[in-house]
$ cat model.txt   # compact mmCIF, N, CA and C atoms
# COMPACT_ATOMS: atom_id res chain seq x y z
N MET A 865 -4.64 48.69 -88.55
CA MET A 865 -5.14 48.98 -89.88
C MET A 865 -6.67 48.89 -89.87
N LYS A 866 -7.27 49.76 -90.66
CA LYS A 866 -8.73 49.80 -90.76
C LYS A 866 -9.21 48.82 -91.83
N LYS A 867 -10.17 48.00 -91.46
CA LYS A 867 -10.80 47.12 -92.44
C LYS A 867 -11.86 47.94 -93.16
N VAL A 868 -11.63 48.15 -94.46
CA VAL A 868 -12.51 49.00 -95.26
C VAL A 868 -13.11 48.19 -96.39
N LEU A 869 -14.44 48.26 -96.51
CA LEU A 869 -15.15 47.58 -97.58
C LEU A 869 -15.68 48.62 -98.56
N PHE A 870 -15.29 48.49 -99.83
CA PHE A 870 -15.79 49.35 -100.90
C PHE A 870 -16.91 48.59 -101.61
N VAL A 871 -18.06 49.24 -101.77
CA VAL A 871 -19.24 48.57 -102.30
C VAL A 871 -19.80 49.32 -103.50
N CYS A 872 -20.08 48.58 -104.57
CA CYS A 872 -20.89 49.08 -105.67
C CYS A 872 -21.75 47.91 -106.14
N VAL A 873 -22.66 48.13 -107.04
CA VAL A 873 -23.65 47.11 -107.38
C VAL A 873 -22.99 45.84 -107.93
N GLU A 874 -22.23 45.96 -109.01
CA GLU A 874 -21.69 44.77 -109.66
C GLU A 874 -20.29 44.37 -109.21
N ASN A 875 -19.64 45.21 -108.42
CA ASN A 875 -18.27 44.96 -107.99
C ASN A 875 -17.38 44.65 -109.19
N SER A 876 -17.54 45.47 -110.23
CA SER A 876 -16.75 45.24 -111.44
C SER A 876 -15.95 46.46 -111.87
N CYS A 877 -16.31 47.65 -111.42
CA CYS A 877 -15.62 48.87 -111.84
C CYS A 877 -15.16 49.70 -110.64
N ARG A 878 -16.10 50.50 -110.10
CA ARG A 878 -15.75 51.48 -109.07
C ARG A 878 -15.13 50.88 -107.81
N SER A 879 -15.79 49.90 -107.23
CA SER A 879 -15.27 49.32 -105.99
C SER A 879 -13.96 48.57 -106.23
N GLN A 880 -13.80 48.00 -107.42
CA GLN A 880 -12.55 47.33 -107.76
C GLN A 880 -11.39 48.34 -107.85
N MET A 881 -11.67 49.49 -108.49
CA MET A 881 -10.64 50.52 -108.59
C MET A 881 -10.29 51.06 -107.20
N ALA A 882 -11.31 51.29 -106.37
CA ALA A 882 -11.06 51.79 -105.02
C ALA A 882 -10.21 50.81 -104.22
N GLU A 883 -10.53 49.53 -104.33
CA GLU A 883 -9.74 48.51 -103.64
C GLU A 883 -8.29 48.54 -104.13
N GLY A 884 -8.11 48.67 -105.43
CA GLY A 884 -6.75 48.72 -106.00
C GLY A 884 -5.96 49.91 -105.49
N PHE A 885 -6.58 51.09 -105.46
CA PHE A 885 -5.89 52.28 -104.94
C PHE A 885 -5.58 52.13 -103.46
N ALA A 886 -6.53 51.59 -102.70
CA ALA A 886 -6.32 51.43 -101.27
C ALA A 886 -5.20 50.43 -100.98
N ARG A 887 -5.11 49.38 -101.77
CA ARG A 887 -4.03 48.40 -101.59
C ARG A 887 -2.67 49.04 -101.81
N LEU A 888 -2.59 49.89 -102.81
CA LEU A 888 -1.31 50.50 -103.15
C LEU A 888 -0.96 51.65 -102.22
N SER A 889 -1.87 52.61 -102.07
CA SER A 889 -1.52 53.83 -101.36
C SER A 889 -1.74 53.77 -99.86
N GLY A 890 -2.45 52.77 -99.40
CA GLY A 890 -2.75 52.72 -97.98
C GLY A 890 -2.27 51.46 -97.30
N LYS A 891 -1.13 50.95 -97.72
CA LYS A 891 -0.64 49.66 -97.22
C LYS A 891 -0.59 49.60 -95.70
N SER A 892 -0.24 50.71 -95.05
CA SER A 892 -0.14 50.69 -93.59
C SER A 892 -1.39 51.28 -92.94
N ILE A 893 -2.38 51.65 -93.75
CA ILE A 893 -3.58 52.30 -93.23
C ILE A 893 -4.81 51.41 -93.40
N PHE A 894 -4.95 50.82 -94.60
CA PHE A 894 -6.13 50.06 -94.96
C PHE A 894 -5.87 48.57 -95.03
N GLU A 895 -6.90 47.83 -94.73
CA GLU A 895 -7.01 46.43 -95.13
C GLU A 895 -8.26 46.43 -96.02
N PRO A 896 -8.07 46.65 -97.35
CA PRO A 896 -9.22 46.88 -98.22
C PRO A 896 -9.87 45.62 -98.77
N TYR A 897 -11.18 45.73 -98.94
CA TYR A 897 -11.99 44.68 -99.54
C TYR A 897 -13.00 45.37 -100.46
N SER A 898 -13.58 44.60 -101.37
CA SER A 898 -14.66 45.14 -102.19
C SER A 898 -15.68 44.03 -102.43
N ALA A 899 -16.93 44.46 -102.65
CA ALA A 899 -18.00 43.51 -102.92
C ALA A 899 -19.15 44.25 -103.58
N GLY A 900 -20.09 43.48 -104.13
CA GLY A 900 -21.25 44.08 -104.78
C GLY A 900 -22.54 43.42 -104.35
N SER A 901 -23.63 44.17 -104.47
CA SER A 901 -24.94 43.63 -104.11
C SER A 901 -25.44 42.65 -105.17
N LYS A 902 -25.00 42.86 -106.42
CA LYS A 902 -25.32 41.95 -107.53
C LYS A 902 -24.06 41.77 -108.36
N PRO A 903 -23.07 41.03 -107.83
CA PRO A 903 -21.78 40.93 -108.52
C PRO A 903 -21.90 40.37 -109.94
N SER A 904 -21.13 40.97 -110.83
CA SER A 904 -21.17 40.57 -112.24
C SER A 904 -20.37 39.29 -112.48
N GLY A 905 -19.46 38.98 -111.58
CA GLY A 905 -18.62 37.80 -111.75
C GLY A 905 -17.30 38.09 -112.45
N LYS A 906 -17.12 39.34 -112.91
CA LYS A 906 -15.85 39.68 -113.56
C LYS A 906 -15.53 41.16 -113.35
N VAL A 907 -14.25 41.45 -113.38
CA VAL A 907 -13.80 42.84 -113.30
C VAL A 907 -13.84 43.39 -114.72
N ASP A 908 -14.43 44.56 -114.89
CA ASP A 908 -14.57 45.17 -116.21
C ASP A 908 -13.19 45.39 -116.83
N PRO A 909 -12.97 44.93 -118.07
CA PRO A 909 -11.67 45.08 -118.73
C PRO A 909 -11.23 46.54 -118.86
N MET A 910 -12.18 47.47 -118.99
CA MET A 910 -11.81 48.89 -119.08
C MET A 910 -11.28 49.38 -117.73
N ALA A 911 -11.84 48.88 -116.63
CA ALA A 911 -11.34 49.25 -115.31
C ALA A 911 -9.91 48.74 -115.15
N VAL A 912 -9.66 47.52 -115.59
CA VAL A 912 -8.31 46.96 -115.53
C VAL A 912 -7.36 47.82 -116.36
N GLU A 913 -7.78 48.19 -117.56
CA GLU A 913 -6.94 48.98 -118.46
C GLU A 913 -6.58 50.35 -117.88
N VAL A 914 -7.57 51.08 -117.36
CA VAL A 914 -7.27 52.43 -116.86
C VAL A 914 -6.45 52.38 -115.58
N MET A 915 -6.60 51.32 -114.80
CA MET A 915 -5.77 51.19 -113.60
C MET A 915 -4.32 50.87 -113.98
N LYS A 916 -4.14 50.07 -115.03
CA LYS A 916 -2.77 49.79 -115.50
C LYS A 916 -2.07 51.05 -115.94
N GLU A 917 -2.84 52.00 -116.49
CA GLU A 917 -2.27 53.28 -116.93
C GLU A 917 -1.61 54.04 -115.78
N VAL A 918 -2.07 53.81 -114.56
CA VAL A 918 -1.47 54.48 -113.39
C VAL A 918 -0.64 53.51 -112.55
N GLY A 919 -0.28 52.38 -113.15
CA GLY A 919 0.64 51.45 -112.51
C GLY A 919 0.04 50.50 -111.50
N ILE A 920 -1.27 50.29 -111.56
CA ILE A 920 -1.93 49.38 -110.61
C ILE A 920 -2.59 48.25 -111.39
N ASP A 921 -2.24 47.03 -111.03
CA ASP A 921 -2.80 45.85 -111.70
C ASP A 921 -3.92 45.26 -110.86
N ILE A 922 -5.15 45.38 -111.34
CA ILE A 922 -6.29 44.79 -110.63
C ILE A 922 -6.83 43.56 -111.37
N SER A 923 -6.06 43.07 -112.33
CA SER A 923 -6.53 41.96 -113.15
C SER A 923 -6.72 40.66 -112.36
N SER A 924 -6.06 40.54 -111.22
CA SER A 924 -6.22 39.32 -110.42
C SER A 924 -7.33 39.44 -109.38
N GLN A 925 -7.93 40.62 -109.27
CA GLN A 925 -9.05 40.80 -108.35
C GLN A 925 -10.29 40.14 -108.95
N ALA A 926 -11.24 39.79 -108.10
CA ALA A 926 -12.45 39.10 -108.56
C ALA A 926 -13.69 39.84 -108.10
N SER A 927 -14.70 39.83 -108.96
CA SER A 927 -16.00 40.38 -108.61
C SER A 927 -16.69 39.40 -107.67
N LYS A 928 -17.15 39.91 -106.53
CA LYS A 928 -17.72 39.02 -105.52
C LYS A 928 -18.86 39.67 -104.77
N GLY A 929 -19.66 38.84 -104.14
CA GLY A 929 -20.75 39.30 -103.29
C GLY A 929 -20.32 39.31 -101.84
N PHE A 930 -21.21 39.74 -100.97
CA PHE A 930 -20.87 39.88 -99.55
C PHE A 930 -20.60 38.54 -98.89
N THR A 931 -21.30 37.49 -99.32
CA THR A 931 -21.09 36.18 -98.72
C THR A 931 -19.73 35.58 -99.11
N ASP A 932 -19.10 36.12 -100.15
CA ASP A 932 -17.79 35.63 -100.59
C ASP A 932 -16.63 36.22 -99.79
N LEU A 933 -16.90 37.21 -98.97
CA LEU A 933 -15.84 37.88 -98.22
C LEU A 933 -15.39 37.04 -97.04
N SER A 934 -14.08 37.00 -96.82
CA SER A 934 -13.53 36.25 -95.70
C SER A 934 -13.73 37.01 -94.38
N VAL A 935 -13.86 38.31 -94.47
CA VAL A 935 -14.07 39.16 -93.29
C VAL A 935 -15.54 39.55 -93.24
N LYS A 936 -16.12 39.57 -92.06
CA LYS A 936 -17.55 39.90 -91.92
C LYS A 936 -17.77 41.19 -91.13
N GLU A 937 -16.74 41.69 -90.46
CA GLU A 937 -16.86 42.93 -89.69
C GLU A 937 -15.86 43.95 -90.22
N PHE A 938 -16.36 45.17 -90.43
CA PHE A 938 -15.53 46.22 -91.02
C PHE A 938 -15.55 47.47 -90.15
N ASP A 939 -14.45 48.21 -90.22
CA ASP A 939 -14.41 49.51 -89.56
C ASP A 939 -15.18 50.54 -90.37
N MET A 940 -15.06 50.43 -91.68
CA MET A 940 -15.72 51.38 -92.57
C MET A 940 -16.31 50.65 -93.77
N VAL A 941 -17.50 51.08 -94.17
CA VAL A 941 -18.10 50.62 -95.42
C VAL A 941 -18.32 51.86 -96.26
N ILE A 942 -17.77 51.83 -97.46
CA ILE A 942 -17.89 52.97 -98.37
C ILE A 942 -18.67 52.51 -99.60
N THR A 943 -19.82 53.14 -99.82
CA THR A 943 -20.60 52.85 -101.01
C THR A 943 -20.22 53.89 -102.06
N LEU A 944 -20.19 53.43 -103.31
CA LEU A 944 -19.71 54.28 -104.39
C LEU A 944 -20.84 54.68 -105.34
N GLY A 945 -21.87 55.27 -104.80
CA GLY A 945 -22.93 55.81 -105.64
C GLY A 945 -24.06 54.87 -105.96
N CYS A 946 -24.19 53.77 -105.21
CA CYS A 946 -25.28 52.85 -105.52
C CYS A 946 -26.53 53.14 -104.70
N GLY A 947 -26.44 54.08 -103.79
CA GLY A 947 -27.62 54.54 -103.04
C GLY A 947 -28.37 53.42 -102.35
N ASP A 948 -29.69 53.39 -102.55
CA ASP A 948 -30.54 52.41 -101.87
C ASP A 948 -30.35 50.99 -102.37
N ILE A 949 -29.68 50.82 -103.51
CA ILE A 949 -29.46 49.48 -104.05
C ILE A 949 -28.45 48.72 -103.20
N CYS A 950 -27.52 49.44 -102.58
CA CYS A 950 -26.51 48.79 -101.75
C CYS A 950 -27.15 48.38 -100.42
N PRO A 951 -26.99 47.13 -100.03
CA PRO A 951 -27.54 46.69 -98.76
C PRO A 951 -26.73 47.25 -97.60
N PHE A 952 -27.31 47.24 -96.44
CA PHE A 952 -26.61 47.70 -95.25
C PHE A 952 -25.65 46.61 -94.79
N VAL A 953 -24.40 46.99 -94.64
CA VAL A 953 -23.37 46.09 -94.12
C VAL A 953 -22.90 46.68 -92.80
N PRO A 954 -22.96 45.92 -91.72
CA PRO A 954 -22.56 46.46 -90.43
C PRO A 954 -21.11 46.95 -90.43
N ALA A 955 -20.92 48.13 -89.86
CA ALA A 955 -19.59 48.72 -89.74
C ALA A 955 -19.66 49.84 -88.71
N LYS A 956 -18.50 50.24 -88.22
CA LYS A 956 -18.43 51.34 -87.27
C LYS A 956 -18.77 52.66 -87.94
N GLU A 957 -18.47 52.75 -89.23
CA GLU A 957 -18.70 54.00 -89.96
C GLU A 957 -19.14 53.71 -91.39
N HIS A 958 -20.10 54.47 -91.88
CA HIS A 958 -20.58 54.35 -93.26
C HIS A 958 -20.37 55.67 -93.97
N ILE A 959 -19.84 55.59 -95.18
CA ILE A 959 -19.59 56.78 -96.00
C ILE A 959 -20.11 56.49 -97.40
N GLU A 960 -20.74 57.48 -98.01
CA GLU A 960 -21.17 57.32 -99.40
C GLU A 960 -20.40 58.29 -100.27
N TRP A 961 -19.76 57.75 -101.30
CA TRP A 961 -19.12 58.56 -102.33
C TRP A 961 -20.05 58.51 -103.54
N LYS A 962 -20.54 59.64 -103.95
CA LYS A 962 -21.43 59.69 -105.12
C LYS A 962 -20.59 59.74 -106.39
N ILE A 963 -20.23 58.57 -106.87
CA ILE A 963 -19.38 58.44 -108.05
C ILE A 963 -20.16 57.69 -109.12
N ASP A 964 -20.26 58.29 -110.30
CA ASP A 964 -21.01 57.69 -111.40
C ASP A 964 -20.39 56.37 -111.84
N ASP A 965 -21.26 55.45 -112.26
CA ASP A 965 -20.83 54.16 -112.77
C ASP A 965 -20.34 54.33 -114.21
N PRO A 966 -19.10 53.95 -114.50
CA PRO A 966 -18.58 54.11 -115.86
C PRO A 966 -18.97 52.98 -116.81
N LYS A 967 -19.65 51.96 -116.30
CA LYS A 967 -20.00 50.79 -117.13
C LYS A 967 -20.68 51.24 -118.42
N GLY A 968 -20.16 50.71 -119.54
CA GLY A 968 -20.75 51.01 -120.84
C GLY A 968 -20.30 52.32 -121.46
N LYS A 969 -19.48 53.07 -120.73
CA LYS A 969 -18.99 54.36 -121.23
C LYS A 969 -17.63 54.17 -121.92
N ASP A 970 -17.14 55.24 -122.54
CA ASP A 970 -15.84 55.15 -123.22
C ASP A 970 -14.68 55.24 -122.23
N ILE A 971 -13.49 55.01 -122.74
CA ILE A 971 -12.31 54.97 -121.88
C ILE A 971 -12.03 56.30 -121.20
N GLU A 972 -12.34 57.40 -121.86
CA GLU A 972 -12.14 58.71 -121.24
C GLU A 972 -12.99 58.84 -119.98
N TYR A 973 -14.21 58.35 -120.04
CA TYR A 973 -15.09 58.41 -118.87
C TYR A 973 -14.53 57.54 -117.74
N PHE A 974 -14.02 56.36 -118.09
CA PHE A 974 -13.39 55.50 -117.09
C PHE A 974 -12.22 56.22 -116.43
N ARG A 975 -11.45 56.97 -117.20
CA ARG A 975 -10.31 57.71 -116.63
C ARG A 975 -10.78 58.77 -115.65
N ILE A 976 -11.86 59.46 -115.99
CA ILE A 976 -12.42 60.49 -115.10
C ILE A 976 -12.85 59.84 -113.78
N VAL A 977 -13.56 58.72 -113.88
CA VAL A 977 -14.03 58.01 -112.69
C VAL A 977 -12.83 57.51 -111.89
N ARG A 978 -11.84 56.94 -112.55
CA ARG A 978 -10.63 56.45 -111.88
C ARG A 978 -9.97 57.56 -111.09
N ASP A 979 -9.79 58.73 -111.71
CA ASP A 979 -9.12 59.84 -111.05
C ASP A 979 -9.94 60.35 -109.86
N ASN A 980 -11.25 60.33 -110.00
CA ASN A 980 -12.13 60.73 -108.91
C ASN A 980 -11.99 59.77 -107.73
N ILE A 981 -11.96 58.48 -108.03
CA ILE A 981 -11.80 57.47 -106.98
C ILE A 981 -10.44 57.61 -106.32
N GLN A 982 -9.41 57.83 -107.11
CA GLN A 982 -8.06 58.01 -106.54
C GLN A 982 -8.04 59.17 -105.56
N ASP A 983 -8.67 60.27 -105.92
CA ASP A 983 -8.74 61.44 -105.05
C ASP A 983 -9.49 61.10 -103.76
N HIS A 984 -10.59 60.39 -103.88
CA HIS A 984 -11.37 60.00 -102.69
C HIS A 984 -10.56 59.09 -101.77
N VAL A 985 -9.82 58.13 -102.34
CA VAL A 985 -9.02 57.22 -101.52
C VAL A 985 -7.91 57.98 -100.79
N LYS A 986 -7.28 58.93 -101.46
CA LYS A 986 -6.25 59.75 -100.81
C LYS A 986 -6.84 60.53 -99.64
N LYS A 987 -8.01 61.12 -99.85
CA LYS A 987 -8.67 61.88 -98.78
C LYS A 987 -9.09 60.96 -97.64
N LEU A 988 -9.51 59.75 -97.97
CA LEU A 988 -9.87 58.79 -96.94
C LEU A 988 -8.65 58.44 -96.08
N ALA A 989 -7.51 58.23 -96.71
CA ALA A 989 -6.28 57.93 -95.98
C ALA A 989 -5.93 59.09 -95.04
N GLU A 990 -6.04 60.32 -95.54
CA GLU A 990 -5.76 61.49 -94.71
C GLU A 990 -6.73 61.57 -93.54
N TYR A 991 -7.99 61.29 -93.80
CA TYR A 991 -9.02 61.31 -92.75
C TYR A 991 -8.70 60.29 -91.66
N ILE A 992 -8.34 59.08 -92.06
CA ILE A 992 -8.02 58.03 -91.10
C ILE A 992 -6.79 58.40 -90.29
N ILE A 993 -5.75 58.88 -90.97
CA ILE A 993 -4.50 59.27 -90.25
C ILE A 993 -4.80 60.39 -89.27
N HIS A 994 -5.57 61.38 -89.68
CA HIS A 994 -5.90 62.51 -88.82
C HIS A 994 -6.68 62.05 -87.59
N ASN A 995 -7.66 61.17 -87.81
CA ASN A 995 -8.48 60.69 -86.69
C ASN A 995 -7.70 59.78 -85.74
N GLU A 996 -6.76 59.02 -86.27
CA GLU A 996 -5.94 58.14 -85.42
C GLU A 996 -5.00 58.98 -84.54
N ARG A 997 -4.48 60.07 -85.09
CA ARG A 997 -3.59 60.95 -84.31
C ARG A 997 -4.35 61.63 -83.18
N GLY A 998 -5.63 61.90 -83.42
CA GLY A 998 -6.42 62.62 -82.44
C GLY A 998 -6.87 61.77 -81.26
N ARG A 999 -6.56 60.49 -81.29
CA ARG A 999 -7.00 59.60 -80.21
C ARG A 999 -6.01 59.54 -79.09
$ encode --input "model.txt" --output "structure tokens"
Amino acid sequence: MKKVLFVCVENSCRSQMAEGFARLSGKSIFEPYSAGSKPSGKVDPMAVEVMKEVGIDISSQASKGFTDLSVKEFDMVITLGCGDICPFVPAKEHIEWKIDDPKGKDIEYFRIVRDNIQDHVKKLAEYIIHNERGR
């Protein structure tokens, strides 16, 4: 399984949703983690709500920084649109998903972001499976 770290600034919305999707849809592919460069200390209630709408409960996940992670080495680090604000975390592969931060937006916007993240996680799973077969 690939150790994948999803990163956004506050680790309260995007990276939390990505971790939730990866836990559910990539059980045999991913060992997912998430963290933020400036963690807010809580998962955004709107992120929890929109994830529940698709049957994923992220309410027990916690907003955390890099020093809070039990794992220090990753196969992949995926940043979710934080650009230069995200610090460099050592990994075999780095990918940036340019996904807008839904913080402070309405629930419809959270749903759009959620669906975008879900699509990205599915494509990531396909990418990993394809690359593993090619070895």
$ closest_residue --input "model.txt" --among "A:Asp932, A:Glu913, A:Glu874, A:Glu883" --to "A:Gly900" --atoms "only N, CA and C atoms"
A:Glu874
$ atom_distance --input "model.txt" --atom1 "atom C of A:Leu933" --atom2 "atom N of A:Leu988"
23.5 Å
$ atom_distance --input "model.txt" --atom1 "atom C of A:Thr931" --atom2 "atom CA of A:Met915"
25.5 Å
$ select_by_dssp --input "model.txt" --residues "stretch 898-938 of chain A" --states "strand (DSSP E or B)" --output "list in words"
Ser898, Ala899, Gly900, Gly929 and Phe938 of chain A
$ closest_atom_pairs --input "model.txt" --of "stretch 868-953 of chain A" --to "stretch 960-981 of chain A" --cutoff "8 Å" --atoms "all atoms listed in the file" --output "JSON lines"
{"residue": "A:Ser876", "atom": "C", "partner": "A:Lys967", "partner_atom": "CA", "distance": 7.9}
{"residue": "A:Cys877", "atom": "CA", "partner": "A:Pro966", "partner_atom": "N", "distance": 6.7}
{"residue": "A:Arg878", "atom": "N", "partner": "A:Pro966", "partner_atom": "N", "distance": 6.3}
{"residue": "A:Met881", "atom": "C", "partner": "A:Ile981", "partner_atom": "CA", "distance": 6.6}
{"residue": "A:Ala882", "atom": "CA", "partner": "A:Ile981", "partner_atom": "C", "distance": 6.0}
{"residue": "A:Phe885", "atom": "CA", "partner": "A:Ile981", "partner_atom": "C", "distance": 7.1}
{"residue": "A:Asp908", "atom": "CA", "partner": "A:Lys967", "partner_atom": "CA", "distance": 7.9}
{"residue": "A:Met910", "atom": "C", "partner": "A:Phe974", "partner_atom": "CA", "distance": 6.5}
{"residue": "A:Ala911", "atom": "CA", "partner": "A:Phe974", "partner_atom": "CA", "distance": 6.8}
{"residue": "A:Val914", "atom": "CA", "partner": "A:Arg975", "partner_atom": "CA", "distance": 6.1}
{"residue": "A:Met915", "atom": "N", "partner": "A:Arg978", "partner_atom": "CA", "distance": 7.1}
{"residue": "A:Val941", "atom": "C", "partner": "A:Glu960", "partner_atom": "N", "distance": 6.4}
{"residue": "A:Ile942", "atom": "CA", "partner": "A:Glu960", "partner_atom": "N", "distance": 5.3}
{"residue": "A:Thr943", "atom": "C", "partner": "A:Trp961", "partner_atom": "N", "distance": 4.0}
{"residue": "A:Leu944", "atom": "C", "partner": "A:Ile963", "partner_atom": "N", "distance": 4.2}
{"residue": "A:Gly945", "atom": "N", "partner": "A:Trp961", "partner_atom": "C", "distance": 3.9}
{"residue": "A:Cys946", "atom": "N", "partner": "A:Ile963", "partner_atom": "N", "distance": 6.4}
{"residue": "A:Gly947", "atom": "N", "partner": "A:Glu960", "partner_atom": "CA", "distance": 7.6}
$ closest_residue --input "model.txt" --among "A:Val918, A:Val871, A:Val912, A:Val953" --to "A:Ser898" --atoms "all atoms listed in the file"
A:Val871
$ closest_residue --input "model.txt" --among "A:Gly884, A:Asn875, A:Lys987, A:Phe870" --to "A:Lys916" --atoms "only C-alpha atoms"
A:Gly884
$ closest_residue --input "model.txt" --among "A:Ile893, A:Val935, A:Ile920, A:Ala899" --to "A:Gln982" --atoms "only C-alpha atoms"
A:Ile920
$ closest_residue --input "model.txt" --among "A:Asp983, A:Ser892, A:Gly905, A:Gln880" --to "A:Ile922" --atoms "all atoms listed in the file"
A:Gln880
$ atom_distance --input "model.txt" --atom1 "atom C of A:Gln925" --atom2 "atom CA of A:Pro954"
23.1 Å
$ closest_residue --input "model.txt" --among "A:Val907, A:Met940, A:Ala886, A:Asp921" --to "A:Lys986" --atoms "all atoms listed in the file"
A:Ala886
$ axis_aligned_box --input "model.txt" --around "stretch 869-888 of chain A" --padding-each-side "3 Å" --output "lines of an AutoDock Vina configuration file"
center_x = -12.3
center_y = 48.3
center_z = -104.2
size_x = 28.7
size_y = 13.9
size_z = 21.4
$ select_by_dssp --input "model.txt" --residues "chain A" --states "helix (DSSP H, G or I)" --output "JSON, numbers by chain"
{"A": [878, 879, 880, 881, 882, 883, 884, 885, 886, 887, 888, 889, 909, 910, 911, 912, 913, 914, 915, 916, 917, 930, 931, 932, 947, 948, 949, 971, 972, 973, 974, 975, 976, 977, 978, 979, 980, 981, 982, 983, 984, 985, 986, 987, 988, 989, 990, 991, 992, 993, 994, 995, 996, 997]}
